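A.B. asks: Below you'll find the structure I mean.
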Amino acid sequence: MTDRIRVLVVDDHAMVRQGLRSFLEVQDDLEVVGEAADGAEAVARAAELLPDVVLLDLRMPGVDGVAALREMTARGLPCRVLVITSFTEPAAVLPAVRAGAAGYVYKDVDPPALAAAIRSVHLGHTLLHPEVARVLSEGETADPARLTPRERQVLAEIGRGRSNREIARALGLAEKTVKSHVSAIFGKLGVQDRTQAALYAVRAGMV
């Protein structure tokens with residue numbers, strides 16, 4: 001099958017990695033292209049393999065998941081990072097989200113939900129717990145008034161977690177046009193990524 005989503009699995013427990021691999025490899029559209037046992041290895045493997053999605057544990061010896069995520073972001077690696085964690089307190093994953101994670105799921109997530117989460121972040125969605133979004137948005141100064149009416153529409157759709165393709169379909173625009181609007185929004189609001197833009201939309205009451 002072509003156009004599979006290429007996944008790198010990162011966890012310091014071999015049994016967890018094997019369990020994730022066993023499940024993911026039976027999905028027709030998912031392919032595990034590698035594994036890593038710590039943060040340093042995760043960065044090296046991500047740079048080597050250029051996976052579509054990195055399934056990243058947070059608590060690992062040596063270089064932890066947050067530090068690895070920061071390094072991936074600093075290197076400009078194109079992969080989307082989905083944190084998989086045993087932490088049940090949303091605040092525990094805030095550093096990872098701030099570092100650029102596209103979302104997170106808990107380790108007790110149902111397998112079908114995990115597969116759906118991987119597909120979702122690959123499509124450009126952001127998976128944030130509402131409490132995480134609230135805490136992240138505190139202190140933000142949202143000023144979408146500087147945007148054009150069309151850019152405000154696009155920003156609202158970003159806040160709903162929609163990908164560029166879905167926004168294009170919803171607003172009757174070409175996907176290339178949506179990308180241009182997204183770039184303009186990032187520049188005008190001074191944000192770095194879709195997660196920060198989505199938080200602006202939430203903070204401004206646009207969603």
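Ligands are numbered from 1 in the order shown, chains are lettered A, B, ... in the order of the structure tokens, and residues start at 1 in each chain.
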Determine, counting only C-alpha atoms, which protein, DNA and RNA residues have an atom within 7 Å of an atom of A:Ala68; residues of the same chain fewer than 4 positions away are not included. Present the result as a VMD selection string.
C.D. replies: chain A and resid 39 to 40 42 to 43 63 to 64 72
A.B. asks: Do you know which residues are at most 8 Å from stretch 21-35 of chain A counting only C-alpha atoms, after dropping those on the same chain fewer than 5 positions away, and could you put them as number ranges by chain?
C.D. replies: A: 1, 3-11, 42, 45, 49, 51, 111, 115
A.B. asks: How many Å lie between atom CA of A:Ala36 and atom CA of A:Arg17, rounded to one decimal?
C.D. replies: 8.5 Å
A.B. asks: Go through stretch 27-76 of chain A and flag each residue having an atom no more than 10 Å from stretch 95-102 of chain A; for those, report the closest pair of atoms plus their distance in Å to one decimal, using only C-alpha atoms, ordered by chain and rising number, as CSV.
C.D. replies:
residue,atom,partner,partner_atom,distance
A:Val53,CA,A:Ala102,CA,9.6
A:Val54,CA,A:Ala101,CA,9.6
A:Leu56,CA,A:Ala101,CA,9.3
A:Leu58,CA,A:Ala96,CA,8.0
A:Gly65,CA,A:Ala96,CA,7.7
A:Val66,CA,A:Ala96,CA,5.1
A:Ala67,CA,A:Ala99,CA,8.5
A:Ala68,CA,A:Ala99,CA,9.5
A:Leu69,CA,A:Ala99,CA,6.4
A:Arg70,CA,A:Ala99,CA,5.5
A:Glu71,CA,A:Ala99,CA,9.1
A:Met72,CA,A:Gly100,CA,9.1
A:Thr73,CA,A:Gly100,CA,6.8
A:Ala74,CA,A:Ala99,CA,9.6
A.B. asks: Would you mind writing down, as a PyMOL selection string, each residue of chain A that DSSP on the backbone assigns to strand (DSSP E or B)?
C.D. replies: chain A and resi 5-10+30-36+53-56+80-85+103-106+127
A.B. asks: Could you give me the residues within stretch 73-187 of chain A that DSSP places in alpha helix (DSSP H), as a ChimeraX atom specification?
C.D. replies: /A:73-75,94-98,111-122,130-137,149-159,164-171,175-187
A.B. asks: What's the 10 Å shell around A:Val178, counting only C-alpha atoms, without same-chain residues fewer than 5 positions away, as a ChimeraX atom specification?
C.D. replies: /A:150-151,154,163-169,171-173,183-184
A.B. asks: Give me the residues near A:Thr148 as a PyMOL selection string, where near means some atom within 12 Å (using only C-alpha atoms) and where sequence neighbours in that chain fewer than 4 positions away do not count.
C.D. replies: chain A and resi 143-144+152-155+181-182+184-185+188
A.B. asks: Using atom CA of A:Gly159 and atom CA of A:His125 as the two end points, give the distance in Å to one decimal.
C.D. replies: 9.8 Å
A.B. asks: Give the answer as one residue: which of A:Ala113, A:Ser120, A:Leu55, A:Ala174 has the shortest atom-to-atom distance to A:Thr85, using only C-alpha atoms?
C.D. replies: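 Counting only C-alpha atoms, the residue closest to A:Thr85 is A:Leu55.
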